file protein.cif (mmCIF, C-alpha atoms)
data_my_file
#
loop_
_atom_site.label_atom_id
_atom_site.label_comp_id
_atom_site.auth_asym_id
_atom_site.auth_seq_id
_atom_site.Cartn_x
_atom_site.Cartn_y
_atom_site.Cartn_z
CA MET Z 605 23.51 8.57 5.48
CA THR Z 606 19.71 8.44 5.41
CA THR Z 607 18.29 4.93 5.34
CA THR Z 608 14.72 5.77 4.34
CA ALA Z 609 13.33 7.32 1.17
CA PHE Z 610 10.11 9.34 0.99
CA ILE Z 611 8.63 9.23 -2.49
CA THR Z 612 5.69 11.29 -3.71
CA HIS Z 613 4.67 13.68 -6.49
CA ARG Z 614 2.48 16.77 -6.70
CA ASP Z 615 0.48 15.05 -9.46
CA CYS Z 616 -0.93 12.76 -6.77
CA TRP Z 617 -2.74 15.79 -5.33
CA LEU Z 618 -4.56 16.43 -8.62
CA HIS Z 619 -6.79 13.33 -8.58
CA ASP Z 620 -10.29 14.41 -7.49
CA MET Z 621 -13.36 12.21 -7.00
CA GLY Z 622 -15.70 15.02 -6.01
CA ALA Z 623 -16.60 17.17 -3.02
CA HIS Z 624 -16.74 15.38 0.33
CA HIS Z 625 -15.14 12.19 -1.01
CA PRO Z 626 -12.97 10.71 1.79
CA GLU Z 627 -10.11 9.81 -0.60
CA CYS Z 628 -8.98 13.39 -1.16
CA SER Z 629 -5.76 15.35 -1.58
CA ASP Z 630 -6.04 16.66 2.00
CA ARG Z 631 -4.72 13.22 3.03
CA LEU Z 632 -1.32 13.97 1.50
CA GLY Z 633 -1.35 17.50 2.87
CA ALA Z 634 -1.94 16.21 6.40
CA ILE Z 635 0.93 13.75 6.06
CA ASN Z 636 3.30 16.46 4.75
CA ASP Z 637 2.40 18.86 7.54
CA ARG Z 638 2.89 16.25 10.24
CA LEU Z 639 6.18 15.09 8.72
CA ILE Z 640 7.59 18.62 8.85
CA ALA Z 641 6.17 19.33 12.32
CA ALA Z 642 7.88 16.17 13.58
CA GLY Z 643 11.20 17.27 12.07
CA LEU Z 644 11.41 14.09 10.02
CA ASP Z 645 12.29 15.88 6.80
CA LEU Z 646 15.89 16.14 8.05
CA TYR Z 647 16.24 12.36 8.24
CA LEU Z 648 14.74 11.23 4.92
CA SER Z 649 15.82 11.21 1.29
CA PHE Z 650 13.11 12.77 -0.87
CA TYR Z 651 12.33 11.64 -4.41
CA ASP Z 652 9.77 12.64 -7.04
CA ALA Z 653 7.83 9.66 -8.36
CA PRO Z 654 8.25 8.99 -12.08
CA LEU Z 655 5.36 7.97 -14.31
CA ALA Z 656 5.10 4.18 -14.47
CA THR Z 657 5.71 2.89 -17.99
CA ASP Z 658 3.30 0.75 -19.99
CA GLU Z 659 5.71 -2.16 -19.58
CA GLN Z 660 5.71 -1.84 -15.80
CA VAL Z 661 1.92 -1.56 -15.57
CA THR Z 662 1.17 -4.39 -18.01
CA ARG Z 663 3.19 -6.91 -16.01
CA VAL Z 664 0.13 -6.78 -13.73
CA HIS Z 665 -2.79 -5.35 -15.73
CA PRO Z 666 -3.74 -6.33 -19.31
CA ALA Z 667 -2.91 -3.67 -21.91
CA SER Z 668 -6.60 -3.64 -22.85
CA TYR Z 669 -7.53 -2.62 -19.28
CA LEU Z 670 -4.93 0.15 -19.21
CA GLY Z 671 -6.33 1.36 -22.52
CA GLU Z 672 -9.87 1.33 -21.13
CA LEU Z 673 -8.77 3.43 -18.15
CA LEU Z 674 -7.02 5.96 -20.36
CA ASP Z 675 -10.07 6.15 -22.64
CA SER Z 676 -12.33 6.69 -19.62
CA VAL Z 677 -10.59 9.87 -18.45
CA PRO Z 678 -13.08 12.75 -18.80
CA GLU Z 679 -12.05 15.99 -20.52
CA HIS Z 680 -13.65 17.89 -17.64
CA GLY Z 681 -15.72 17.15 -14.58
CA ILE Z 682 -15.94 13.74 -12.93
CA ARG Z 683 -16.82 10.34 -14.40
CA HIS Z 684 -17.87 7.52 -12.07
CA LEU Z 685 -16.67 3.99 -12.78
CA ASP Z 686 -18.71 2.71 -9.82
CA PRO Z 687 -20.57 4.49 -6.99
CA ASP Z 688 -17.41 5.23 -4.98
CA THR Z 689 -14.66 5.24 -7.65
CA ALA Z 690 -14.47 8.18 -10.05
CA MET Z 691 -12.06 9.81 -12.48
CA CYS Z 692 -11.22 13.43 -13.20
CA PRO Z 693 -9.01 14.75 -16.03
CA ASN Z 694 -5.86 14.23 -13.90
CA THR Z 695 -6.67 10.81 -12.44
CA MET Z 696 -4.45 8.71 -14.67
CA LYS Z 697 -1.54 11.10 -14.27
CA ALA Z 698 -1.85 10.60 -10.50
CA ALA Z 699 -2.35 6.84 -10.83
CA LEU Z 700 0.74 6.44 -13.01
CA ARG Z 701 2.80 8.53 -10.55
CA SER Z 702 1.55 6.34 -7.69
CA ALA Z 703 2.54 3.16 -9.52
CA GLY Z 704 5.84 4.77 -10.53
CA ALA Z 705 6.61 5.61 -6.90
CA GLY Z 706 6.54 1.92 -6.02
CA VAL Z 707 8.76 1.07 -8.99
CA LEU Z 708 11.32 3.74 -8.03
CA ALA Z 709 11.24 2.60 -4.39
CA THR Z 710 11.90 -0.97 -5.52
CA ASP Z 711 14.84 0.14 -7.66
CA LEU Z 712 16.38 2.20 -4.85
CA VAL Z 713 16.03 -0.58 -2.28
CA LEU Z 714 17.22 -3.40 -4.52
CA LYS Z 715 20.24 -1.39 -5.70
CA GLY Z 716 21.16 -0.80 -2.06
CA GLU Z 717 20.91 2.99 -2.31
CA ILE Z 718 18.55 3.03 0.67
CA GLU Z 719 17.27 0.38 3.08
CA ASN Z 720 13.57 1.12 2.85
CA ALA Z 721 11.06 3.55 1.40
CA PHE Z 722 7.64 5.03 2.03
CA CYS Z 723 5.48 6.12 -0.91
CA ALA Z 724 3.02 8.90 -0.03
CA ILE Z 725 0.70 8.36 -2.96
CA ARG Z 726 -2.88 8.46 -4.12
CA PRO Z 727 -4.99 7.01 -5.58
CA PRO Z 728 -4.44 3.85 -3.53
CA GLY Z 729 -4.22 0.48 -5.26
CA HIS Z 730 -4.91 -2.73 -3.37
CA HIS Z 731 -8.55 -3.10 -4.48
CA ALA Z 732 -7.63 -2.84 -8.19
CA GLU Z 733 -7.92 -6.31 -9.70
CA ARG Z 734 -6.20 -7.43 -12.89
CA ALA Z 735 -8.84 -5.79 -15.08
CA LYS Z 736 -11.19 -3.94 -12.71
CA ALA Z 737 -11.05 -0.59 -10.92
CA MET Z 738 -12.91 -0.47 -7.61
CA GLY Z 739 -12.71 0.75 -4.02
CA PHE Z 740 -11.03 4.09 -4.91
CA CYS Z 741 -8.30 2.14 -6.82
CA PHE Z 742 -7.32 2.07 -10.51
CA LEU Z 743 -3.84 0.52 -10.74
CA ASN Z 744 -2.54 -1.91 -8.12
CA ASN Z 745 0.55 -0.03 -6.95
CA VAL Z 746 1.92 -2.67 -4.58
CA ALA Z 747 1.43 -5.43 -7.18
CA ILE Z 748 3.24 -3.39 -9.85
CA ALA Z 749 6.14 -2.83 -7.43
CA ALA Z 750 6.31 -6.50 -6.43
CA ARG Z 751 6.23 -7.66 -10.05
CA HIS Z 752 8.97 -5.17 -10.86
CA ALA Z 753 11.07 -6.89 -8.18
CA THR Z 754 10.49 -10.36 -9.63
CA ASP Z 755 10.44 -9.60 -13.35
CA ALA Z 756 12.91 -6.70 -13.70
CA HIS Z 757 15.26 -7.55 -10.82
CA GLY Z 758 14.92 -11.33 -10.90
CA LEU Z 759 13.90 -11.92 -7.28
CA GLU Z 760 12.55 -15.42 -6.67
CA ARG Z 761 10.51 -14.69 -3.54
CA VAL Z 762 8.84 -11.52 -2.30
CA ALA Z 763 6.12 -10.85 0.26
CA ILE Z 764 3.29 -8.35 0.58
CA VAL Z 765 2.02 -7.36 4.03
CA ASP Z 766 -1.39 -5.62 4.04
CA PHE Z 767 -2.71 -4.10 7.28
CA ASP Z 768 -5.45 -1.92 5.74
CA VAL Z 769 -8.88 -2.32 7.36
CA HIS Z 770 -10.18 -3.67 4.02
CA HIS Z 771 -9.04 -6.88 2.35
CA GLY Z 772 -6.68 -6.36 -0.59
CA ASN Z 773 -8.85 -8.28 -3.04
CA GLY Z 774 -7.01 -6.89 -6.03
CA THR Z 775 -3.61 -8.01 -4.77
CA GLU Z 776 -5.00 -11.48 -4.08
CA ASP Z 777 -6.58 -11.62 -7.54
CA ILE Z 778 -3.30 -10.70 -9.24
CA PHE Z 779 -1.03 -13.07 -7.31
CA ARG Z 780 -3.39 -16.00 -6.73
CA ASP Z 781 -1.42 -18.16 -9.17
CA ASP Z 782 2.05 -16.73 -8.48
CA PRO Z 783 3.66 -18.55 -5.52
CA ARG Z 784 6.72 -16.29 -5.76
CA VAL Z 785 4.59 -13.67 -4.02
CA MET Z 786 3.36 -14.41 -0.50
CA MET Z 787 0.57 -12.20 0.82
CA VAL Z 788 -0.24 -11.83 4.51
CA SER Z 789 -3.07 -9.57 5.59
CA ILE Z 790 -5.51 -8.68 8.32
CA PHE Z 791 -8.87 -7.05 7.66
CA GLN Z 792 -12.25 -6.42 9.22
CA HIS Z 793 -14.83 -9.06 8.26
CA PRO Z 794 -17.60 -9.09 7.19
CA PHE Z 795 -16.83 -5.80 5.50
CA TYR Z 796 -16.13 -4.33 2.06
CA PRO Z 797 -15.08 -5.87 -0.36
CA TYR Z 798 -16.48 -9.08 1.24
CA SER Z 799 -13.59 -11.28 0.10
CA GLY Z 800 -10.46 -12.98 1.36
CA VAL Z 801 -11.94 -15.77 3.46
CA GLU Z 802 -12.56 -18.56 0.96
CA ASN Z 803 -10.30 -20.67 -1.29
CA GLN Z 804 -7.05 -19.15 -0.10
CA PRO Z 805 -3.95 -20.40 -1.93
CA LYS Z 806 -1.16 -21.77 0.26
CA HIS Z 807 0.98 -18.69 -0.31
CA MET Z 808 -1.68 -16.34 1.10
CA CYS Z 809 -2.35 -15.81 4.81
CA ASN Z 810 -5.46 -13.66 5.03
CA VAL Z 811 -6.72 -13.23 8.60
CA PRO Z 812 -10.26 -11.85 8.95
CA VAL Z 813 -11.07 -10.21 12.29
CA PRO Z 814 -14.38 -8.93 13.66
CA ALA Z 815 -15.34 -5.30 14.19
CA GLY Z 816 -14.00 -4.03 17.49
CA THR Z 817 -10.69 -5.91 17.26
CA ARG Z 818 -7.96 -3.98 19.06
CA GLY Z 819 -4.20 -3.90 19.13
CA ASP Z 820 -3.58 -6.90 21.38
CA ALA Z 821 -5.42 -9.25 19.01
CA PHE Z 822 -3.75 -7.63 15.98
CA ARG Z 823 -0.32 -8.18 17.52
CA GLN Z 824 -1.13 -11.80 18.23
CA VAL Z 825 -2.04 -12.36 14.57
CA VAL Z 826 1.25 -10.79 13.51
CA SER Z 827 3.31 -12.84 15.98
CA ASP Z 828 1.53 -16.18 15.63
CA ILE Z 829 0.55 -16.22 11.95
CA TRP Z 830 2.28 -13.57 9.84
CA VAL Z 831 5.84 -13.79 11.13
CA PRO Z 832 6.16 -17.61 10.91
CA ALA Z 833 4.59 -17.61 7.42
CA LEU Z 834 6.91 -14.84 6.22
CA ARG Z 835 10.02 -16.46 7.64
CA ASN Z 836 9.05 -19.74 6.01
CA HIS Z 837 8.67 -17.99 2.64
CA ASN Z 838 12.07 -16.26 3.15
CA PRO Z 839 11.29 -13.21 0.96
CA GLN Z 840 14.10 -11.31 -0.69
CA ALA Z 841 12.10 -8.08 -0.32
CA ILE Z 842 8.95 -7.14 1.62
CA PHE Z 843 6.27 -4.77 0.36
CA ILE Z 844 3.68 -3.16 2.63
CA SER Z 845 0.16 -2.12 1.66
CA ALA Z 846 0.11 0.49 4.39
CA GLY Z 847 -3.49 1.41 5.06
CA PHE Z 848 -4.13 3.28 8.31
CA ASP Z 849 -7.93 3.07 8.36
CA ALA Z 850 -7.85 0.36 11.05
CA HIS Z 851 -7.04 3.18 13.50
CA TYR Z 852 -9.71 3.61 16.16
CA GLU Z 853 -10.32 7.24 15.12
CA ASP Z 854 -11.06 6.30 11.48
CA ASP Z 855 -14.77 6.11 10.71
CA MET Z 856 -14.15 4.10 7.52
CA GLY Z 857 -13.81 0.93 9.60
CA SER Z 858 -14.47 -0.38 13.08
CA LEU Z 859 -11.11 -1.68 14.30
CA GLY Z 860 -9.17 -0.23 17.20
CA LEU Z 861 -5.50 0.16 16.32
CA VAL Z 862 -3.35 3.05 17.54
CA GLU Z 863 0.02 4.48 16.48
CA ALA Z 864 1.92 2.17 18.82
CA ASP Z 865 0.46 -0.84 17.00
CA TYR Z 866 1.71 0.44 13.64
CA ILE Z 867 5.16 1.11 15.10
CA TRP Z 868 5.31 -2.39 16.56
CA ALA Z 869 4.08 -4.05 13.34
CA THR Z 870 6.61 -2.09 11.28
CA GLN Z 871 9.39 -3.24 13.60
CA GLN Z 872 8.27 -6.86 13.22
CA ILE Z 873 8.29 -6.56 9.43
CA LYS Z 874 11.76 -5.00 9.49
CA SER Z 875 12.95 -7.78 11.79
CA VAL Z 876 11.73 -10.45 9.36
CA ALA Z 877 13.50 -8.67 6.50
CA GLU Z 878 16.76 -8.66 8.48
CA ASP Z 879 16.30 -12.31 9.45
CA CYS Z 880 15.99 -13.09 5.73
CA GLY Z 881 19.37 -11.52 5.11
CA HIS Z 882 18.46 -8.03 3.92
CA LYS Z 883 16.72 -4.84 5.02
CA ARG Z 884 14.59 -4.31 1.93
CA VAL Z 885 11.16 -2.91 2.78
CA VAL Z 886 8.97 -0.86 0.42
CA SER Z 887 5.82 0.65 1.95
CA LEU Z 888 3.01 2.18 -0.10
CA LEU Z 889 0.11 4.22 1.27
CA GLU Z 890 -3.33 2.66 0.89
CA GLY Z 891 -6.26 3.79 3.09
CA GLY Z 892 -6.58 6.13 6.06
CA TYR Z 893 -9.25 8.82 6.00
CA SER Z 894 -9.29 10.54 9.40
CA LEU Z 895 -6.70 13.19 8.60
CA SER Z 896 -5.23 13.51 12.09
CA SER Z 897 -4.89 9.80 12.82
CA LEU Z 898 -3.66 9.15 9.27
CA ALA Z 899 -0.89 11.74 9.58
CA ARG Z 900 0.14 10.61 13.06
CA SER Z 901 0.15 6.95 12.03
CA VAL Z 902 2.17 7.54 8.85
CA VAL Z 903 4.78 9.54 10.76
CA SER Z 904 4.98 6.80 13.41
CA HIS Z 905 5.38 4.19 10.64
CA ILE Z 906 8.14 6.21 8.94
CA LYS Z 907 9.95 6.72 12.25
CA ALA Z 908 9.97 2.97 12.74
CA LEU Z 909 11.24 2.43 9.19
CA ALA Z 910 14.04 4.94 9.77
CA ASP Z 911 14.89 3.70 13.31
CA LEU Z 912 14.12 7.10 14.79
#

call {"tool": "encode", "arguments": {"input": "protein.cif", "output": "structure tokens"}}
result
Amino acid sequence: MTTTAFITHRDCWLHDMGAHHPECSDRLGAINDRLIAAGLDLYLSFYDAPLATDEQVTRVHPASYLGELLDSVPEHGIRHLDPDTAMCPNTMKAALRSAGAGVLATDLVLKGEIENAFCAIRPPGHHAERAKAMGFCFLNNVAIAARHATDAHGLERVAIVDFDVHHGNGTEDIFRDDPRVMMVSIFQHPFYPYSGVENQPKHMCNVPVPAGTRGDAFRQVVSDIWVPALRNHNPQAIFISAGFDAHYEDDMGSLGLVEADYIWATQQIKSVAEDCGHKRVVSLLEGGYSLSSLARSVVSHIKALADL
């Protein structure tokens, strides 16, 4: 029996923010190629992501915001919502598939059909606030998945782990007043989106680190801060905002992680889940823009999820 699901959809390749934009469909192609080259396709259960429903999206985002996004989709060409976030005719189809992937992963894990899941999706989501698209993000995929766990499945405590190089400002905005959802994160600071260091609620453990931070310091944060906070919260499921742009080869940031650090962190997260009496982990792709290091890191992460 396979323990790990791989969830994606071809619609996620159709979102296009223009030539030379780093958040491009080549990211998913690189991941697919590396997955097959590593022989991992034999050990995973593959699923097509459904479209997230209005009900699932509006647990997190106001219906008026969803309507604004749908109304903003251009008939042709590209429409910018801000200097680095743009829509094409297929953007919302891709965004709803990405959100739907997290919902399906949550259903599979909470029904016990698989132990964990990785969602190879784009556009990413953790910068999307309750009613604001930004930072390449339109819908907050990890937030929609976490709320599906609490509101549709009745979980009382869940956790979100975010190791993207950028702070997940959108996730913090959405769950600031919801103590059911603990958020632990590490991010380069000062750096886009210049948030996450002030007025943290008790159920959020955001750890800013300076440019140049490498794996040893990252591991210490995980061991000394994240793991005790997570165990204290005792989540019934753990969600990962899995951004791989903190890799030393990724020019989007200036941190120095390598594949071994992602493997180790994934193992720590899995260990916490088991200590809390379950093995429920749902991981969703966020950043990662150097195609080679992204693909290698994702495959390393999935191997750790699948105990390979």

call {"tool": "closest_residue", "arguments": {"input": "protein.cif", "among": "Z:Gln871, Z:Asn773, Z:Asp620, Z:Asp652", "to": "Z:Pro678", "atoms": "only C-alpha atoms"}}
result
Z:Asp620

call {"tool": "residues_around", "arguments": {"input": "protein.cif", "residues": "Z:Val661", "least_positions_apart": "5", "cutoff": "10 Å", "atoms": "only C-alpha atoms", "output": "VMD selection string"}}
result
chain Z and resid 656 666 to 667 670 700 703 to 704 707 743 to 745 747 to 749 751 to 752

call {"tool": "resolve_selection", "arguments": {"input": "protein.cif", "expression": "the PyMOL selection byres ((chain Z and resi 873) around 12)", "output": "PyMOL selection string"}}
result
chain Z and resi 720+763-767+788+823+826-827+830-835+839+841-844+846+866-872+874-880+882-887+905+908-909

call {"tool": "closest_residue", "arguments": {"input": "protein.cif", "among": "Z:His619, Z:His851, Z:Lys907, Z:Lys806", "to": "Z:Val677", "atoms": "all atoms listed in the file"}}
result
Z:His619

call {"tool": "closest_residue", "arguments": {"input": "protein.cif", "among": "Z:Phe791, Z:Met808, Z:His757, Z:Ile635", "to": "Z:Val713", "atoms": "all atoms listed in the file"}}
result
Z:His757

call {"tool": "atom_distance", "arguments": {"input": "protein.cif", "atom1": "atom CA of Z:Leu888", "atom2": "atom CA of Z:Ala653"}}
result
12.1 Å

call {"tool": "residues_around", "arguments": {"input": "protein.cif", "residues": "Z:Asp615", "least_positions_apart": "4", "cutoff": "12 Å", "atoms": "only C-alpha atoms", "output": "MDAnalysis selection string"}}
result
chainID Z and resid 619:620 629 632 652:655 693:702 704:705 724:727

call {"tool": "residues_around", "arguments": {"input": "protein.cif", "residues": "Z:Leu759", "least_positions_apart": "3", "cutoff": "7 Å", "atoms": "all atoms listed in the file", "output": "tab-separated table (two decimals) with C-alpha atoms, in the coordinates of the input"}}
result
chain	number	residue	atom	x	y	z
Z	753	ALA	CA	11.07	-6.89	-8.18
Z	754	THR	CA	10.49	-10.36	-9.63
Z	840	GLN	CA	14.10	-11.31	-0.69

call {"tool": "atom_distance", "arguments": {"input": "protein.cif", "atom1": "atom CA of Z:Met786", "atom2": "atom CA of Z:Leu912"}}
result
28.5 Å

call {"tool": "decode", "arguments": {"input": "protein.cif", "residues": "stretch 863-874 of chain Z", "atoms": "all heavy atoms", "output": "tab-separated table (two decimals), in the first residue's frame"}}
result
chain	number	residue	atom	x	y	z
Z	863	GLU	N	19.06	20.12	0.23
Z	863	GLU	CA	18.07	19.05	0.27
Z	863	GLU	C	18.05	18.33	1.61
Z	863	GLU	O	16.98	17.97	2.12
Z	863	GLU	CB	18.33	18.04	-0.86
Z	863	GLU	CG	18.11	18.58	-2.25
Z	863	GLU	CD	19.38	19.15	-2.89
Z	863	GLU	OE1	20.08	19.94	-2.21
Z	863	GLU	OE2	19.66	18.80	-4.04
Z	864	ALA	N	19.22	18.10	2.17
Z	864	ALA	CA	19.28	17.36	3.44
Z	864	ALA	C	18.52	18.09	4.55
Z	864	ALA	O	17.95	17.45	5.44
Z	864	ALA	CB	20.74	17.16	3.85
Z	865	ASP	N	18.49	19.41	4.49
Z	865	ASP	CA	17.75	20.18	5.50
Z	865	ASP	C	16.25	19.97	5.34
Z	865	ASP	O	15.52	19.86	6.33
Z	865	ASP	CB	18.08	21.68	5.38
Z	865	ASP	CG	19.54	21.96	5.67
Z	865	ASP	OD1	20.08	21.43	6.66
Z	865	ASP	OD2	20.16	22.72	4.90
Z	866	TYR	N	15.78	19.91	4.09
Z	866	TYR	CA	14.35	19.68	3.87
Z	866	TYR	C	13.95	18.26	4.28
Z	866	TYR	O	12.86	18.05	4.83
Z	866	TYR	CB	14.00	19.93	2.40
Z	866	TYR	CG	14.12	21.38	1.99
Z	866	TYR	CD1	15.00	21.77	0.98
Z	866	TYR	CD2	13.38	22.37	2.61
Z	866	TYR	CE1	15.12	23.10	0.60
Z	866	TYR	CE2	13.49	23.70	2.25
Z	866	TYR	CZ	14.37	24.06	1.24
Z	866	TYR	OH	14.48	25.38	0.87
Z	867	ILE	N	14.83	17.30	4.01
Z	867	ILE	CA	14.56	15.92	4.45
Z	867	ILE	C	14.44	15.88	5.97
Z	867	ILE	O	13.48	15.33	6.53
Z	867	ILE	CB	15.68	14.97	3.97
Z	867	ILE	CG1	15.64	14.83	2.45
Z	867	ILE	CG2	15.55	13.61	4.65
Z	867	ILE	CD1	16.85	14.11	1.87
Z	868	TRP	N	15.41	16.47	6.64
Z	868	TRP	CA	15.43	16.45	8.11
Z	868	TRP	C	14.19	17.14	8.68
Z	868	TRP	O	13.55	16.62	9.60
Z	868	TRP	CB	16.70	17.13	8.60
Z	868	TRP	CG	16.82	17.15	10.10
Z	868	TRP	CD1	17.33	16.17	10.91
Z	868	TRP	CD2	16.41	18.21	10.97
Z	868	TRP	NE1	17.26	16.56	12.23
Z	868	TRP	CE2	16.69	17.79	12.30
Z	868	TRP	CE3	15.81	19.45	10.76
Z	868	TRP	CZ2	16.40	18.60	13.40
Z	868	TRP	CZ3	15.52	20.24	11.85
Z	868	TRP	CH2	15.82	19.83	13.16
Z	869	ALA	N	13.84	18.32	8.14
Z	869	ALA	CA	12.68	19.06	8.64
Z	869	ALA	C	11.40	18.25	8.42
Z	869	ALA	O	10.52	18.21	9.30
Z	869	ALA	CB	12.57	20.42	7.96
Z	870	THR	N	11.29	17.61	7.27
Z	870	THR	CA	10.11	16.79	6.99
Z	870	THR	C	10.00	15.65	7.99
Z	870	THR	O	8.91	15.33	8.49
Z	870	THR	CB	10.17	16.23	5.55
Z	870	THR	OG1	10.35	17.32	4.63
Z	870	THR	CG2	8.91	15.48	5.18
Z	871	GLN	N	11.13	15.03	8.30
Z	871	GLN	CA	11.13	13.95	9.29
Z	871	GLN	C	10.71	14.46	10.67
Z	871	GLN	O	9.98	13.76	11.40
Z	871	GLN	CB	12.51	13.31	9.35
Z	871	GLN	CG	12.86	12.52	8.09
Z	871	GLN	CD	14.33	12.12	8.01
Z	871	GLN	OE1	15.19	12.72	8.68
Z	871	GLN	NE2	14.63	11.12	7.19
Z	872	GLN	N	11.14	15.65	11.03
Z	872	GLN	CA	10.74	16.22	12.33
Z	872	GLN	C	9.24	16.47	12.38
Z	872	GLN	O	8.58	16.20	13.39
Z	872	GLN	CB	11.49	17.54	12.59
Z	872	GLN	CG	13.00	17.43	12.62
Z	872	GLN	CD	13.49	16.38	13.59
Z	872	GLN	OE1	13.18	16.43	14.78
Z	872	GLN	NE2	14.23	15.41	13.08
Z	873	ILE	N	8.69	16.99	11.27
Z	873	ILE	CA	7.25	17.26	11.21
Z	873	ILE	C	6.47	15.96	11.31
Z	873	ILE	O	5.47	15.85	12.04
Z	873	ILE	CB	6.92	18.03	9.92
Z	873	ILE	CG1	7.57	19.42	9.94
Z	873	ILE	CG2	5.40	18.15	9.73
Z	873	ILE	CD1	7.63	20.09	8.57
Z	874	LYS	N	6.93	14.94	10.58
Z	874	LYS	CA	6.26	13.64	10.65
Z	874	LYS	C	6.33	13.06	12.07
Z	874	LYS	O	5.37	12.45	12.54
Z	874	LYS	CB	6.92	12.67	9.66
Z	874	LYS	CG	6.56	12.91	8.22
Z	874	LYS	CD	7.11	11.81	7.33
Z	874	LYS	CE	6.45	10.48	7.64
Z	874	LYS	NZ	6.99	9.38	6.81
